[in-house]
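Colleague: Sharing my_file02.txt here; it has compact mmCIF, C-alpha atoms.
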# COMPACT_ATOMS: atom_id res chain seq x y z
CA MET D 1 0.00 0.00 0.00
CA ASN D 2 1.38 3.35 -1.08
CA ILE D 3 0.87 6.57 0.92
CA ILE D 4 1.25 9.78 -1.10
CA THR D 5 1.18 13.30 0.34
CA ASN D 6 1.91 15.36 -2.76
CA ALA D 7 -0.93 16.17 -5.18
CA SER D 8 1.27 16.08 -8.29
CA ASP D 9 2.77 12.71 -7.31
CA MET D 10 -0.72 11.32 -6.65
CA GLN D 11 -1.98 12.51 -10.03
CA LYS D 12 1.03 10.99 -11.83
CA THR D 13 0.51 7.68 -10.02
CA MET D 14 -3.15 7.59 -11.02
CA GLN D 15 -2.29 8.52 -14.62
CA LYS D 16 0.14 5.60 -14.72
CA TYR D 17 -2.56 3.19 -13.54
CA LYS D 18 -4.93 4.52 -16.18
CA SER D 19 -2.31 4.19 -18.92
CA GLU D 20 -2.04 0.52 -17.92
CA GLY D 21 -5.78 0.14 -18.50
CA LYS D 22 -6.62 -0.23 -14.81
CA SER D 23 -9.91 1.07 -13.41
CA ILE D 24 -9.88 3.26 -10.30
CA GLY D 25 -12.41 3.28 -7.47
CA PHE D 26 -12.14 6.20 -5.05
CA VAL D 27 -13.36 6.72 -1.49
CA PRO D 28 -12.88 10.30 -0.19
CA THR D 29 -12.85 10.56 3.63
CA MET D 30 -11.77 12.76 6.51
CA GLY D 31 -10.19 9.73 8.16
CA TYR D 32 -10.90 8.05 11.48
CA LEU D 33 -12.36 5.20 9.45
CA HIS D 34 -15.38 3.24 10.68
CA GLU D 35 -17.78 0.55 9.45
CA GLY D 36 -19.45 2.94 7.02
CA HIS D 37 -16.13 3.69 5.35
CA LYS D 38 -15.33 -0.02 5.25
CA SER D 39 -18.53 -0.70 3.30
CA LEU D 40 -17.50 1.93 0.72
CA LEU D 41 -14.01 0.47 0.40
CA GLN D 42 -15.43 -3.03 0.12
CA GLU D 43 -17.69 -1.96 -2.74
CA ALA D 44 -14.81 -0.18 -4.48
CA ARG D 45 -12.62 -3.28 -4.09
CA LYS D 46 -15.28 -5.46 -5.72
CA ARG D 47 -15.60 -3.21 -8.75
CA HIS D 48 -12.11 -1.90 -9.51
CA ASP D 49 -8.50 -2.85 -10.18
CA ILE D 50 -7.18 0.00 -8.02
CA VAL D 51 -8.75 1.36 -4.82
CA ALA D 52 -7.71 4.88 -3.81
CA LEU D 53 -8.56 6.37 -0.42
CA SER D 54 -8.11 10.02 0.52
CA ILE D 55 -7.74 11.13 4.13
CA PHE D 56 -8.05 14.88 4.50
CA VAL D 57 -9.79 16.87 7.24
CA ASN D 58 -11.09 19.66 5.04
CA PRO D 59 -11.16 23.05 6.82
CA LEU D 60 -13.45 24.58 4.19
CA GLN D 61 -16.43 22.49 5.29
CA PHE D 62 -16.22 23.42 8.98
CA GLY D 63 -18.14 26.40 10.34
CA PRO D 64 -16.62 28.90 12.81
CA ASN D 65 -18.02 27.09 15.85
CA GLU D 66 -17.44 23.55 14.60
CA ASP D 67 -14.80 21.03 15.64
CA PHE D 68 -12.06 21.26 13.00
CA ASP D 69 -9.21 21.41 15.54
CA THR D 70 -10.60 18.58 17.67
CA TYR D 71 -11.81 16.35 14.82
CA PRO D 72 -10.37 12.87 15.50
CA ARG D 73 -7.22 12.03 13.55
CA ASP D 74 -5.34 8.71 13.73
CA LEU D 75 -3.37 7.90 10.59
CA LYS D 76 -1.81 4.68 11.94
CA ARG D 77 -5.23 3.29 12.80
CA ASP D 78 -6.55 4.34 9.38
CA GLU D 79 -3.56 2.72 7.66
CA THR D 80 -4.28 -0.58 9.37
CA ILE D 81 -7.95 -0.53 8.35
CA ALA D 82 -7.11 0.54 4.80
CA SER D 83 -4.61 -2.30 4.45
CA GLU D 84 -7.17 -4.80 5.73
CA MET D 85 -9.70 -3.53 3.17
CA GLY D 86 -7.29 -3.90 0.26
CA VAL D 87 -6.60 -0.22 -0.44
CA ASP D 88 -3.81 0.31 -2.98
CA VAL D 89 -3.12 4.03 -2.51
CA ILE D 90 -3.81 6.51 0.29
CA PHE D 91 -3.70 10.20 -0.57
CA TYR D 92 -2.87 12.07 2.64
CA PRO D 93 -2.23 15.75 1.87
CA THR D 94 -1.76 18.68 4.23
CA VAL D 95 -3.97 21.75 4.15
CA GLN D 96 -1.06 23.68 2.65
CA GLU D 97 -0.70 21.07 -0.10
CA MET D 98 -4.40 21.25 -0.98
CA TYR D 99 -5.01 24.99 -0.75
CA GLY D 100 -1.67 26.83 -0.67
CA GLU D 101 -1.81 30.40 0.58
CA GLU D 102 -5.16 31.35 -0.94
CA LEU D 103 -7.55 29.85 -3.48
CA THR D 104 -8.15 31.81 -6.66
CA VAL D 105 -11.41 29.97 -7.36
CA SER D 106 -13.81 28.11 -5.10
CA VAL D 107 -17.04 26.25 -5.81
CA LYS D 108 -20.42 27.53 -4.62
CA VAL D 109 -23.39 25.17 -4.37
CA THR D 110 -26.59 26.97 -5.36
CA ASN D 111 -29.15 24.18 -5.15
CA ARG D 112 -30.11 21.29 -2.84
CA THR D 113 -28.56 22.99 0.21
CA ASP D 114 -31.54 24.73 1.85
CA ALA D 115 -32.86 21.53 3.40
CA LEU D 116 -31.98 18.95 6.06
CA CYS D 117 -28.59 19.55 7.74
CA GLY D 118 -27.47 22.01 5.04
CA ARG D 119 -29.96 24.64 6.20
CA LYS D 120 -28.08 25.12 9.48
CA ARG D 121 -24.57 24.82 8.02
CA PRO D 122 -24.16 27.69 5.54
CA GLY D 123 -21.09 27.25 3.37
CA HIS D 124 -20.56 23.62 4.42
CA PHE D 125 -21.37 22.13 1.04
CA ASP D 126 -19.36 24.83 -0.75
CA GLY D 127 -16.36 23.41 1.11
CA VAL D 128 -17.34 19.84 0.23
CA ALA D 129 -17.76 20.72 -3.46
CA THR D 130 -14.46 22.60 -3.58
CA VAL D 131 -12.41 19.79 -2.06
CA LEU D 132 -14.10 17.14 -4.22
CA THR D 133 -13.42 19.18 -7.36
CA LYS D 134 -9.74 19.09 -6.45
CA LEU D 135 -9.75 15.43 -5.42
CA PHE D 136 -11.51 14.24 -8.57
CA ASN D 137 -8.88 16.05 -10.65
CA ILE D 138 -6.02 14.64 -8.59
CA VAL D 139 -7.22 11.03 -8.20
CA LEU D 140 -8.86 10.70 -11.66
CA PRO D 141 -11.31 7.98 -10.54
CA ASP D 142 -13.72 6.06 -12.73
CA GLU D 143 -16.13 5.79 -9.82
CA ALA D 144 -16.38 7.51 -6.42
CA PHE D 145 -18.25 5.94 -3.51
CA PHE D 146 -20.41 7.81 -0.98
CA GLY D 147 -22.62 6.58 1.86
CA LEU D 148 -26.34 7.29 1.69
CA LYS D 149 -26.42 8.04 5.40
CA ASP D 150 -25.54 11.57 4.28
CA ALA D 151 -28.01 11.54 1.40
CA GLN D 152 -27.92 15.31 1.00
CA GLN D 153 -24.19 15.18 0.30
CA VAL D 154 -24.76 12.42 -2.28
CA ALA D 155 -27.46 14.50 -4.00
CA ILE D 156 -25.23 17.60 -4.12
CA VAL D 157 -22.19 15.68 -5.39
CA GLN D 158 -24.28 13.99 -8.08
CA GLY D 159 -25.53 17.42 -9.16
CA MET D 160 -22.00 18.82 -9.25
CA VAL D 161 -20.70 15.94 -11.37
CA GLU D 162 -23.57 16.38 -13.84
CA ASP D 163 -23.25 20.19 -13.96
CA PHE D 164 -19.49 20.19 -14.57
CA ASN D 165 -19.29 17.01 -16.68
CA PHE D 166 -16.78 15.26 -14.44
CA PRO D 167 -15.84 11.91 -16.03
CA VAL D 168 -16.62 10.05 -12.82
CA LYS D 169 -19.64 8.00 -11.78
CA ILE D 170 -20.98 8.58 -8.27
CA VAL D 171 -21.91 5.30 -6.57
CA PRO D 172 -24.24 5.69 -3.57
CA VAL D 173 -23.82 2.90 -0.99
CA THR D 174 -26.59 1.80 1.37
CA THR D 175 -26.35 2.92 5.00
CA VAL D 176 -24.61 0.38 7.26
CA ARG D 177 -26.70 -0.49 10.32
CA GLU D 178 -26.32 -2.24 13.64
CA GLU D 179 -28.34 -5.43 14.15
CA ASP D 180 -31.13 -3.41 15.79
CA GLY D 181 -31.33 -0.99 12.84
CA LEU D 182 -29.42 1.98 14.25
CA ALA D 183 -27.35 3.65 11.53
CA LYS D 184 -23.65 3.15 12.31
CA SER D 185 -21.89 6.35 13.28
CA SER D 186 -18.83 7.41 15.23
CA ARG D 187 -21.23 9.53 17.29
CA ASN D 188 -23.09 6.49 18.64
CA VAL D 189 -20.42 6.04 21.32
CA TYR D 190 -21.63 9.29 22.92
CA LEU D 191 -25.08 7.85 23.63
CA LEU D 192 -25.91 7.05 27.24
CA GLU D 193 -26.96 3.46 27.94
CA GLU D 194 -30.68 4.27 27.94
CA GLU D 195 -30.33 6.47 24.85
CA ARG D 196 -28.59 3.65 23.00
CA LYS D 197 -31.60 1.42 23.74
CA GLN D 198 -33.95 4.11 22.41
CA ALA D 199 -31.93 5.13 19.33
CA PRO D 200 -33.12 2.29 17.03
CA GLN D 201 -36.60 3.83 17.22
CA LEU D 202 -35.41 6.50 14.79
CA TYR D 203 -35.11 3.93 12.03
CA GLN D 204 -38.31 2.23 13.18
CA SER D 205 -40.17 5.53 12.79
CA LEU D 206 -38.93 5.77 9.19
CA LEU D 207 -40.06 2.21 8.47
CA LEU D 208 -43.49 2.98 9.96
CA ALA D 209 -43.74 6.00 7.67
CA LYS D 210 -42.80 3.93 4.63
CA GLU D 211 -45.41 1.34 5.59
CA SER D 212 -48.10 4.01 5.95
CA ILE D 213 -47.25 5.37 2.49
CA GLU D 214 -47.46 1.88 1.01
CA GLU D 215 -50.89 1.58 2.61
CA GLY D 216 -52.09 4.75 0.89
CA VAL D 217 -51.03 7.80 2.91
CA THR D 218 -49.76 10.38 0.40
CA ASN D 219 -49.77 13.62 2.39
CA SER D 220 -46.27 14.58 3.55
CA SER D 221 -47.46 16.40 6.70
CA SER D 222 -49.27 13.24 7.84
CA VAL D 223 -46.06 11.25 7.37
CA VAL D 224 -44.04 13.81 9.34
CA SER D 225 -46.61 13.77 12.18
CA LEU D 226 -46.46 9.98 12.37
CA ILE D 227 -42.67 10.00 12.69
CA GLU D 228 -42.63 12.80 15.26
CA SER D 229 -45.25 11.08 17.41
CA HIS D 230 -43.36 7.79 17.38
CA ILE D 231 -40.04 9.42 18.33
CA LYS D 232 -41.63 11.43 21.14
CA GLU D 233 -43.38 8.34 22.51
CA THR D 234 -40.37 6.01 22.40
CA THR D 235 -37.31 8.19 23.06
CA ASN D 236 -36.05 11.07 25.18
CA GLY D 237 -34.48 12.68 22.11
CA ILE D 238 -35.28 16.20 20.96
CA ILE D 239 -36.35 16.33 17.33
CA ASP D 240 -34.23 18.69 15.22
CA TYR D 241 -36.11 18.02 12.00
CA VAL D 242 -38.29 15.49 10.19
CA GLU D 243 -38.57 16.32 6.49
CA VAL D 244 -39.84 14.78 3.25
CA TYR D 245 -38.47 15.79 -0.16
CA SER D 246 -38.18 14.61 -3.73
CA TYR D 247 -34.82 12.92 -4.32
CA PRO D 248 -32.23 13.84 -5.42
CA GLN D 249 -33.75 17.29 -6.16
CA LEU D 250 -34.57 17.91 -2.45
CA LYS D 251 -37.71 19.83 -3.36
CA THR D 252 -40.68 20.10 -1.01
CA VAL D 253 -43.55 17.78 -1.90
CA GLU D 254 -47.04 17.96 -0.40
CA GLN D 255 -48.51 14.94 -2.19
CA LEU D 256 -46.00 12.13 -2.35
CA SER D 257 -45.06 10.53 -5.65
CA GLY D 258 -41.94 9.41 -7.49
CA LYS D 259 -38.62 9.00 -5.67
CA ILE D 260 -38.61 10.56 -2.20
CA ILE D 261 -36.40 10.85 0.86
CA ILE D 262 -37.72 10.87 4.42
CA ALA D 263 -35.00 12.19 6.71
CA LEU D 264 -34.64 13.10 10.37
CA ALA D 265 -32.21 14.44 12.94
CA VAL D 266 -32.65 13.91 16.67
CA LYS D 267 -30.56 15.31 19.50
CA PHE D 268 -29.74 13.20 22.54
CA SER D 269 -27.75 14.48 25.52
CA LYS D 270 -24.31 14.25 23.86
CA ALA D 271 -25.05 13.12 20.31
CA ARG D 272 -27.08 14.31 17.34
CA LEU D 273 -28.14 11.40 15.14
CA ILE D 274 -29.30 11.54 11.53
CA ASP D 275 -31.03 8.89 9.43
CA ASN D 276 -33.08 8.58 6.27
CA ILE D 277 -34.75 6.22 3.85
CA ILE D 278 -35.07 6.73 0.09
CA PHE D 279 -37.62 4.87 -2.00
CA GLU D 280 -39.91 5.09 -5.01
CA ILE D 281 -43.68 5.44 -4.70
Please re-express this file's structure in structure tokens.

Modeller:
Amino acid sequence: MNIITNASDMQKTMQKYKSEGKSIGFVPTMGYLHEGHKSLLQEARKRHDIVALSIFVNPLQFGPNEDFDTYPRDLKRDETIASEMGVDVIFYPTVQEMYGEELTVSVKVTNRTDALCGRKRPGHFDGVATVLTKLFNIVLPDEAFFGLKDAQQVAIVQGMVEDFNFPVKIVPVTTVREEDGLAKSSRNVYLLEEERKQAPQLYQSLLLAKESIEEGVTNSSSVVSLIESHIKETTNGIIDYVEVYSYPQLKTVEQLSGKIIIALAVKFSKARLIDNIIFEI
């Protein structure tokens, strides 16, 4: 496994693989790898000759009061996991390497942001789009893999790739869950014992909503009310949002039809959990 810190060296390495006719699967991350990342790497390994992993804590996607400085970093741990998952190349640049003194151009996302978590994180997805623009040009992947747990990010990245004609296919990967249905997340460790017992009810509320839609409920406000009632009755969490949109457009829909996303965020004492389901009506 090769670890490269220089953007030019990484690009040359990827160009060499491509000249040899090898396909490249790419998983961009901020490191501190977990089960969700493993599922992305596993899918990339199945589909491609070369698996490239980037580890870069991107300052552009952190707000002024967010945890950039304290975000967990453990390269040795990540190296071990990457090796176990069959990664061929890790791109591990510094902030200076990625951005230099000052960017001349940055990317601004103008659609699909005023919903879900993006509404409360202005500029976050501009930072995501900017770093991915650079990474796609450096890594030159055939396919890039993203987890559907952050479905808004997937929708925005898909839009960016289409808008700018990037020669890369975005592959969404199903959310990895615990046996009881709770979406896997590094934040789950912050749940108190009783909260951990309650947390699977978030996914259960989404399944109840899906079932009600399949039984004929087509009004989005009725679906939202059902989810909110279930969460309030079965958990001590504070609901941040429960929202229903078309997907991947993330447009408000009153009467449900076509492909939709039902998404939620719930705050517990020391953790804010998100989850969603996407399906066709």

Colleague: With a distance cut-off of 7 Å and only C-alpha atoms, select the neighbouring residues of region 247-257 of chain D, excluding the residue or stretch itself and same-chain residues fewer than 6 positions from it, and output the selection as a compact mmCIF listing (two decimals) with C-alpha atoms, in the frame of the given file.

Modeller:
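Saved result, result15.txt, follows:
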# COMPACT_ATOMS: atom_id res chain seq x y z
CA ARG D 112 -30.11 21.29 -2.84
CA ALA D 155 -27.46 14.50 -4.00
CA THR D 218 -49.76 10.38 0.40
CA ASN D 219 -49.77 13.62 2.39
CA SER D 220 -46.27 14.58 3.55
CA ILE D 281 -43.68 5.44 -4.70

Colleague: Could you check how far CA of Ala263 (chain D) sits from CA of Asp275 (chain D), in Å to one decimal?

Modeller: 5.8 Å

Colleague: Any chance you could work out the axis-aligned box around region 218-231 of chain D, listed atoms only, 3 Å on each side, giving centre and edge lengths in Å to one decimal, as JSON?

Modeller:
{"center_x": -44.9, "center_y": 12.1, "center_z": 9.4, "size_x": 15.7, "size_y": 14.6, "size_z": 23.9}

Colleague: Hey, can you check how far CA of Thr104 (chain D) sits from CA of Gln153 (chain D)?

Modeller: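 So the two atoms, CA of Thr104 (chain D) and CA of Gln153 (chain D), lie 24.1 Å apart.
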
Colleague: Can you list, as a list of chain:residue names, every protein, DNA or RNA residue that comes within 9 Å of Gln152 (chain D) when you count all atoms listed in the file, leaving out same-chain residues fewer than 2 positions away?

Modeller: D:Arg112, D:Thr113, D:Ala115, D:Leu116, D:Cys117, D:Gly118, D:Leu148, D:Lys149, D:Asp150, D:Val154, D:Ala155, D:Ile156, D:Val157, D:Pro248, D:Leu250

Colleague: Figure out the distance between CA of Ile90 (chain D) and CA of Ser185 (chain D), please, to one decimal in Å.

Modeller: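 If I compute the distance from CA of Ser185 (chain D) to CA of Ile90 (chain D), I get 22.3 Å.
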
Colleague: Which one is closest to Asp180 (chain D): D:Thr80, D:Ser19, D:Asn6, D:Gln201? Count all atoms listed in the file.

Modeller: D:Gln201

Colleague: Would you kindly return, as a PDB file with C-alpha atoms, in the frame of the given file, each protein, DNA or RNA residue with an atom no farther than 10 Å from any atom of Ile278 (chain D), considering all atoms listed in the file and excluding same-chain residues fewer than 4 positions away?

Modeller:
ATOM      1  CA  LEU D 148     -26.340   7.290   1.690  1.00  0.00           C
ATOM      2  CA  ALA D 151     -28.010  11.540   1.400  1.00  0.00           C
ATOM      3  CA  THR D 174     -26.590   1.800   1.370  1.00  0.00           C
ATOM      4  CA  LEU D 206     -38.930   5.770   9.190  1.00  0.00           C
ATOM      5  CA  LYS D 210     -42.800   3.930   4.630  1.00  0.00           C
ATOM      6  CA  VAL D 244     -39.840  14.780   3.250  1.00  0.00           C
ATOM      7  CA  TYR D 245     -38.470  15.790  -0.160  1.00  0.00           C
ATOM      8  CA  SER D 246     -38.180  14.610  -3.730  1.00  0.00           C
ATOM      9  CA  TYR D 247     -34.820  12.920  -4.320  1.00  0.00           C
ATOM     10  CA  PRO D 248     -32.230  13.840  -5.420  1.00  0.00           C
ATOM     11  CA  LYS D 259     -38.620   9.000  -5.670  1.00  0.00           C
ATOM     12  CA  ILE D 260     -38.610  10.560  -2.200  1.00  0.00           C
ATOM     13  CA  ILE D 261     -36.400  10.850   0.860  1.00  0.00           C
ATOM     14  CA  ILE D 262     -37.720  10.870   4.420  1.00  0.00           C
ATOM     15  CA  ALA D 263     -35.000  12.190   6.710  1.00  0.00           C
TER      16      ALA D 263
END

Colleague: Write out as a count of residues only which residues come within 9 Å of Ala129 (chain D) when counting only C-alpha atoms, dropping same-chain ones fewer than 6 positions away.

Modeller: 7

Colleague: Please, which residues are within 10 Å of (-13.6, -1.6, 6.2) by the file's coordinates, counting only C-alpha atoms, and could they come as a list of chain:residue names?

Modeller: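 Residues found, by chain and rising number: D:Leu33, D:His34, D:Glu35, D:Gly36, D:His37, D:Lys38, D:Ser39, D:Leu40, D:Leu41, D:Gln42, D:Glu43, D:Asp78, D:Thr80, D:Ile81, D:Ala82, D:Ser83, D:Glu84, D:Met85, D:Gly86, D:Val87.
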
Colleague: Between D:Ile227, D:Val168, D:Leu208, D:Val189, which residue has the minimum interatomic distance to Val139 (chain D), considering all atoms listed in the file?

Modeller: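 For Val139 (chain D), the nearest of the given residues is D:Val168.
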
Colleague: Considering only C-alpha atoms, return as a PyMOL selection string whatever protein or nucleic-acid residues lie within 12 Å of Ala271 (chain D), sequence-local ones (same chain, fewer than 6 positions apart) excluded.

Modeller: chain D and resi 185-192+195-196+199+237-238+240+265

Colleague: Kindly complete region 33-51 of chain D to N, CA and C atoms; the output should be written as a PDB file, in the coordinates of the input.

Modeller:
ATOM      1  N   LEU D  33     -11.483   6.108  10.194  1.00  0.00           N
ATOM      2  CA  LEU D  33     -12.360   5.200   9.450  1.00  0.00           C
ATOM      3  C   LEU D  33     -13.205   4.336  10.358  1.00  0.00           C
ATOM      4  N   HIS D  34     -14.449   4.085   9.922  1.00  0.00           N
ATOM      5  CA  HIS D  34     -15.380   3.240  10.680  1.00  0.00           C
ATOM      6  C   HIS D  34     -16.085   2.284   9.729  1.00  0.00           C
ATOM      7  N   GLU D  35     -17.107   1.586  10.242  1.00  0.00           N
ATOM      8  CA  GLU D  35     -17.780   0.550   9.450  1.00  0.00           C
ATOM      9  C   GLU D  35     -18.386   1.109   8.162  1.00  0.00           C
ATOM     10  N   GLY D  36     -18.887   2.337   8.219  1.00  0.00           N
ATOM     11  CA  GLY D  36     -19.450   2.940   7.020  1.00  0.00           C
ATOM     12  C   GLY D  36     -18.410   3.099   5.930  1.00  0.00           C
ATOM     13  N   HIS D  37     -17.216   3.572   6.319  1.00  0.00           N
ATOM     14  CA  HIS D  37     -16.130   3.690   5.350  1.00  0.00           C
ATOM     15  C   HIS D  37     -15.719   2.324   4.801  1.00  0.00           C
ATOM     16  N   LYS D  38     -15.708   1.340   5.680  1.00  0.00           N
ATOM     17  CA  LYS D  38     -15.330  -0.020   5.250  1.00  0.00           C
ATOM     18  C   LYS D  38     -16.271  -0.523   4.162  1.00  0.00           C
ATOM     19  N   SER D  39     -17.565  -0.226   4.308  1.00  0.00           N
ATOM     20  CA  SER D  39     -18.530  -0.700   3.300  1.00  0.00           C
ATOM     21  C   SER D  39     -18.258  -0.031   1.946  1.00  0.00           C
ATOM     22  N   LEU D  40     -17.841   1.235   1.963  1.00  0.00           N
ATOM     23  CA  LEU D  40     -17.500   1.930   0.720  1.00  0.00           C
ATOM     24  C   LEU D  40     -16.248   1.321   0.085  1.00  0.00           C
ATOM     25  N   LEU D  41     -15.251   1.057   0.912  1.00  0.00           N
ATOM     26  CA  LEU D  41     -14.010   0.470   0.400  1.00  0.00           C
ATOM     27  C   LEU D  41     -14.251  -0.943  -0.129  1.00  0.00           C
ATOM     28  N   GLN D  42     -15.102  -1.676   0.556  1.00  0.00           N
ATOM     29  CA  GLN D  42     -15.430  -3.030   0.120  1.00  0.00           C
ATOM     30  C   GLN D  42     -16.096  -3.015  -1.262  1.00  0.00           C
ATOM     31  N   GLU D  43     -17.002  -2.068  -1.444  1.00  0.00           N
ATOM     32  CA  GLU D  43     -17.690  -1.960  -2.740  1.00  0.00           C
ATOM     33  C   GLU D  43     -16.701  -1.541  -3.830  1.00  0.00           C
ATOM     34  N   ALA D  44     -15.821  -0.609  -3.511  1.00  0.00           N
ATOM     35  CA  ALA D  44     -14.810  -0.180  -4.480  1.00  0.00           C
ATOM     36  C   ALA D  44     -13.882  -1.335  -4.851  1.00  0.00           C
ATOM     37  N   ARG D  45     -13.515  -2.138  -3.852  1.00  0.00           N
ATOM     38  CA  ARG D  45     -12.620  -3.280  -4.090  1.00  0.00           C
ATOM     39  C   ARG D  45     -13.252  -4.322  -5.016  1.00  0.00           C
ATOM     40  N   LYS D  46     -14.564  -4.510  -4.877  1.00  0.00           N
ATOM     41  CA  LYS D  46     -15.280  -5.460  -5.720  1.00  0.00           C
ATOM     42  C   LYS D  46     -15.272  -5.037  -7.183  1.00  0.00           C
ATOM     43  N   ARG D  47     -15.314  -3.725  -7.407  1.00  0.00           N
ATOM     44  CA  ARG D  47     -15.600  -3.210  -8.750  1.00  0.00           C
ATOM     45  C   ARG D  47     -14.386  -2.715  -9.516  1.00  0.00           C
ATOM     46  N   HIS D  48     -13.225  -2.572  -8.836  1.00  0.00           N
ATOM     47  CA  HIS D  48     -12.110  -1.900  -9.510  1.00  0.00           C
ATOM     48  C   HIS D  48     -10.762  -2.582  -9.292  1.00  0.00           C
ATOM     49  N   ASP D  49      -9.862  -2.329 -10.266  1.00  0.00           N
ATOM     50  CA  ASP D  49      -8.500  -2.850 -10.180  1.00  0.00           C
ATOM     51  C   ASP D  49      -7.706  -2.144  -9.090  1.00  0.00           C
ATOM     52  N   ILE D  50      -7.913  -0.826  -8.986  1.00  0.00           N
ATOM     53  CA  ILE D  50      -7.180   0.000  -8.020  1.00  0.00           C
ATOM     54  C   ILE D  50      -8.184   0.699  -7.098  1.00  0.00           C
ATOM     55  N   VAL D  51      -7.927   0.638  -5.798  1.00  0.00           N
ATOM     56  CA  VAL D  51      -8.750   1.360  -4.820  1.00  0.00           C
ATOM     57  C   VAL D  51      -7.908   2.475  -4.213  1.00  0.00           C
TER      58      VAL D  51
END
